[in-house]
$ cat protein31.pdb   # PDB, C-alpha atoms and all ligand atoms
MODEL        1
ATOM      1  CA  MET A 132      17.899-102.785  -3.265  1.00  0.00           C
ATOM      2  CA  ARG A 133      20.441-100.371  -1.848  1.00  0.00           C
ATOM      3  CA  ILE A 134      20.468 -98.703   1.538  1.00  0.00           C
ATOM      4  CA  GLN A 135      22.185 -95.617   2.894  1.00  0.00           C
ATOM      5  CA  LEU A 136      23.482 -94.971   6.386  1.00  0.00           C
ATOM      6  CA  TRP A 137      22.507 -91.825   8.272  1.00  0.00           C
ATOM      7  CA  LYS A 138      22.592 -90.618  11.817  1.00  0.00           C
ATOM      8  CA  ALA A 139      19.227 -90.398  13.526  1.00  0.00           C
ATOM      9  CA  ARG A 140      17.994 -86.893  14.154  1.00  0.00           C
ATOM     10  CA  SER A 141      17.796 -85.564  17.705  1.00  0.00           C
ATOM     11  CA  ILE A 142      18.163 -88.995  19.278  1.00  0.00           C
ATOM     12  CA  PRO A 143      21.160 -91.312  19.582  1.00  0.00           C
ATOM     13  CA  GLY A 144      21.188 -93.968  16.898  1.00  0.00           C
ATOM     14  CA  TYR A 145      21.460 -94.549  13.181  1.00  0.00           C
ATOM     15  CA  LEU A 146      18.963 -94.514  10.391  1.00  0.00           C
ATOM     16  CA  ILE A 147      19.092 -96.991   7.529  1.00  0.00           C
ATOM     17  CA  CYS A 148      17.279 -95.596   4.520  1.00  0.00           C
ATOM     18  CA  GLN A 149      16.240 -97.298   1.331  1.00  0.00           C
ATOM     19  CA  ILE A 150      17.491 -95.712  -1.861  1.00  0.00           C
ATOM     20  CA  ASP A 151      14.799 -94.932  -4.390  1.00  0.00           C
ATOM     21  CA  GLU A 152      16.115 -96.575  -7.539  1.00  0.00           C
ATOM     22  CA  GLU A 153      14.324 -94.100  -9.777  1.00  0.00           C
ATOM     23  CA  THR A 154      15.509 -90.872  -8.230  1.00  0.00           C
ATOM     24  CA  ASP A 155      18.636 -92.188  -6.500  1.00  0.00           C
ATOM     25  CA  CYS A 156      17.558 -90.322  -3.394  1.00  0.00           C
ATOM     26  CA  TYR A 157      17.203 -91.878   0.024  1.00  0.00           C
ATOM     27  CA  LEU A 158      13.800 -92.335   1.608  1.00  0.00           C
ATOM     28  CA  SER A 159      13.452 -91.542   5.280  1.00  0.00           C
ATOM     29  CA  ASP A 160       9.770 -92.146   5.953  1.00  0.00           C
ATOM     30  CA  ASP A 161       8.808 -94.902   8.410  1.00  0.00           C
ATOM     31  CA  LYS A 162       8.108 -97.441   5.719  1.00  0.00           C
ATOM     32  CA  HIS A 163      11.454 -97.086   4.006  1.00  0.00           C
ATOM     33  CA  SER A 164      13.803 -96.569   6.901  1.00  0.00           C
ATOM     34  CA  VAL A 165      14.893 -98.503   9.941  1.00  0.00           C
ATOM     35  CA  LEU A 166      16.082 -96.896  13.146  1.00  0.00           C
ATOM     36  CA  VAL A 167      18.925 -98.657  14.925  1.00  0.00           C
ATOM     37  CA  GLN A 168      18.845 -97.272  18.408  1.00  0.00           C
ATOM     38  CA  THR A 169      20.269-100.016  20.575  1.00  0.00           C
ATOM     39  CA  ASP A 170      24.024 -99.783  20.910  1.00  0.00           C
ATOM     40  CA  TRP A 171      24.185-103.585  21.048  1.00  0.00           C
ATOM     41  CA  ASP A 172      23.085-103.516  17.415  1.00  0.00           C
ATOM     42  CA  TYR A 173      25.892-101.194  16.339  1.00  0.00           C
ATOM     43  CA  PRO A 174      28.555-103.881  15.728  1.00  0.00           C
ATOM     44  CA  SER A 175      26.355-105.934  13.401  1.00  0.00           C
ATOM     45  CA  LEU A 176      25.216-102.815  11.575  1.00  0.00           C
ATOM     46  CA  ALA A 177      28.813-101.616  11.295  1.00  0.00           C
ATOM     47  CA  SER A 178      29.988-104.997  10.048  1.00  0.00           C
ATOM     48  CA  ASN A 179      27.643-104.594   7.074  1.00  0.00           C
ATOM     49  CA  PHE A 180      29.750-101.567   6.183  1.00  0.00           C
ATOM     50  CA  GLY A 181      33.054-103.391   6.622  1.00  0.00           C
ATOM     51  CA  PHE A 182      33.683-103.192  10.355  1.00  0.00           C
ATOM     52  CA  THR A 183      35.515-106.080  12.034  1.00  0.00           C
ATOM     53  CA  PRO A 184      34.845-106.238  15.793  1.00  0.00           C
ATOM     54  CA  CYS A 185      38.061-108.127  16.561  1.00  0.00           C
ATOM     55  CA  ALA A 186      40.580-108.626  13.791  1.00  0.00           C
ATOM     56  CA  ASN A 187      42.609-110.918  16.026  1.00  0.00           C
ATOM     57  CA  CYS A 188      40.160-113.765  16.358  1.00  0.00           C
ATOM     58  CA  ARG A 189      36.991-112.910  14.390  1.00  0.00           C
ATOM     59  CA  GLU A 190      35.146-115.049  16.895  1.00  0.00           C
ATOM     60  CA  THR A 191      32.909-112.345  18.291  1.00  0.00           C
ATOM     61  CA  ASP A 192      30.157-110.362  16.634  1.00  0.00           C
ATOM     62  CA  GLY A 193      31.117-107.415  18.829  1.00  0.00           C
ATOM     63  CA  THR A 194      28.504-107.906  21.527  1.00  0.00           C
ATOM     64  CA  VAL A 195      30.398-110.604  23.413  1.00  0.00           C
ATOM     65  CA  ASP A 196      33.817-110.222  25.025  1.00  0.00           C
ATOM     66  CA  CYS A 197      36.584-112.191  23.363  1.00  0.00           C
ATOM     67  CA  VAL A 198      40.011-112.850  24.826  1.00  0.00           C
ATOM     68  CA  HIS A 199      41.325-109.651  23.229  1.00  0.00           C
ATOM     69  CA  ARG A 200      38.628-107.070  23.749  1.00  0.00           C
ATOM     70  CA  THR A 201      35.513-106.224  25.705  1.00  0.00           C
ATOM     71  CA  ALA A 202      32.099-105.830  24.122  1.00  0.00           C
ATOM     72  CA  SER A 203      31.829-102.214  25.294  1.00  0.00           C
ATOM     73  CA  GLU A 204      35.102-101.390  23.539  1.00  0.00           C
ATOM     74  CA  MET A 205      33.879-102.935  20.326  1.00  0.00           C
ATOM     75  CA  ILE A 206      30.475-101.231  20.543  1.00  0.00           C
ATOM     76  CA  GLN A 207      32.174 -97.862  21.019  1.00  0.00           C
ATOM     77  CA  GLU A 208      34.446 -98.592  18.101  1.00  0.00           C
ATOM     78  CA  ALA A 209      31.487 -99.648  15.971  1.00  0.00           C
ATOM     79  CA  ALA A 210      29.807 -96.294  16.716  1.00  0.00           C
ATOM     80  CA  ASN A 211      32.953 -94.410  15.685  1.00  0.00           C
ATOM     81  CA  PHE A 212      33.137 -96.523  12.553  1.00  0.00           C
ATOM     82  CA  LEU A 213      29.507 -95.779  11.692  1.00  0.00           C
ATOM     83  CA  ASP A 214      30.089 -92.065  12.271  1.00  0.00           C
ATOM     84  CA  SER A 215      32.854 -92.237   9.693  1.00  0.00           C
ATOM     85  CA  LYS A 216      30.569 -93.987   7.205  1.00  0.00           C
ATOM     86  CA  LEU A 217      27.572 -91.647   7.203  1.00  0.00           C
ATOM     87  CA  GLY A 218      26.190 -91.391   3.698  1.00  0.00           C
ATOM     88  CA  ALA A 219      27.682 -94.715   2.640  1.00  0.00           C
ATOM     89  CA  ILE A 220      25.551 -96.815   0.313  1.00  0.00           C
ATOM     90  CA  ILE A 221      25.563-100.626   0.271  1.00  0.00           C
ATOM     91  CA  SER A 222      23.222-103.264  -1.043  1.00  0.00           C
ATOM     92  CA  ASP A 223      20.650-104.248   1.541  1.00  0.00           C
ATOM     93  CA  PRO A 224      21.952-107.149   3.667  1.00  0.00           C
ATOM     94  CA  GLY A 225      18.388-107.913   4.777  1.00  0.00           C
ATOM     95  CA  TYR A 226      16.899-104.937   6.588  1.00  0.00           C
ATOM     96  CA  PHE A 227      14.123-104.595   4.040  1.00  0.00           C
ATOM     97  CA  SER A 228      14.134-107.834   2.076  1.00  0.00           C
ATOM     98  CA  GLN A 229      11.434-109.452   4.193  1.00  0.00           C
ATOM     99  CA  GLU A 230       9.064-106.652   3.424  1.00  0.00           C
ATOM    100  CA  VAL A 231       5.614-107.911   2.487  1.00  0.00           C
ATOM    101  CA  GLY A 232       3.975-106.412  -0.577  1.00  0.00           C
TER     102      GLY A 232
HETATM  103 ZN    ZN B   1      39.448-111.349  19.744  1.00  0.00          ZN
ENDMDL
END

$ encode --input "protein31.pdb" --output "C-alpha cells" --more "lines below"
Ligand SMILES: [Zn+2]
Amino acid sequence: MRIQLWKARSIPGYLICQIDEETDCYLSDDKHSVLVQTDWDYPSLASNFGFTPCANCRETDGTVDCVHRTASEMIQEAANFLDSKLGAIISDPGYFSQEVG
C-alpha cells in the first residue's frame, strides 16, 4: 500500500492519505487517512520521507535533545521538511497496515 503526504486543511498538521491502487488517487476520508497533529510526531513522520533529525549522531529520533541540537529545533526542521514534501508518495511504513478487515 502507498500513502501520500498532505497538509491538513484549516488546522495545523499533516494528513497521510492512502492511495487507491485502482484509480491512483488519494483517499482523504476518515477511514483512509490519518491526521498527524502533534508536532512531537513530526520528526518520525518526516523521517519516513527521508528526514534525518541529527546527521551528526543519528542518536535521536528528533523529539529528544542530543548533544548537537534541541528537540524544538529538530521539530521545526521536520515541519519545514514536510512542507517541502507535500504530495510525496511512499509505501506505507505502518500507518494503515494494522487495519482490521
Ligand atoms: Zn546529534

$ axis_aligned_box --input "protein31.pdb" --around "range 153-171 of chain A" --padding-each-side "3 Å" --output "JSON"
{"center_x": 16.1, "center_y": -97.0, "center_z": 5.6, "size_x": 22.1, "size_y": 19.3, "size_z": 36.8}

$ atom_distance --input "protein31.pdb" --atom1 "CA of Ile147 in chain A" --atom2 "CA of Leu217 in chain A"
10.0 Å

$ residues_around --input "protein31.pdb" --residues "range 168-175 of chain A" --least-positions-apart "5" --cutoff "9 Å" --atoms "only C-alpha atoms" --output "PyMOL selection string"
chain A and resi 139+142-146+182-184+192-194+202-203+205-210+213

$ resolve_selection --input "protein31.pdb" --expression "the PyMOL selection byres (((not hetatm)) within 6 of (chain B and resi 1))" --output "ChimeraX atom specification"
/A:185,187-188,197-200

$ atom_distance --input "protein31.pdb" --atom1 "CA of His163 in chain A" --atom2 "CA of Ile150 in chain A"
8.5 Å

$ atom_distance --input "protein31.pdb" --atom1 "CA of Asp196 in chain A" --atom2 "CA of Gly225 in chain A"
25.6 Å

$ residues_near_point --input "protein31.pdb" --point "(24.3, -101.1, 6.6)" --cutoff "12 Å" --atoms "only C-alpha atoms" --output "ChimeraX atom specification"
/A:132-138,145-149,164-167,172-182,209,212-213,216-227
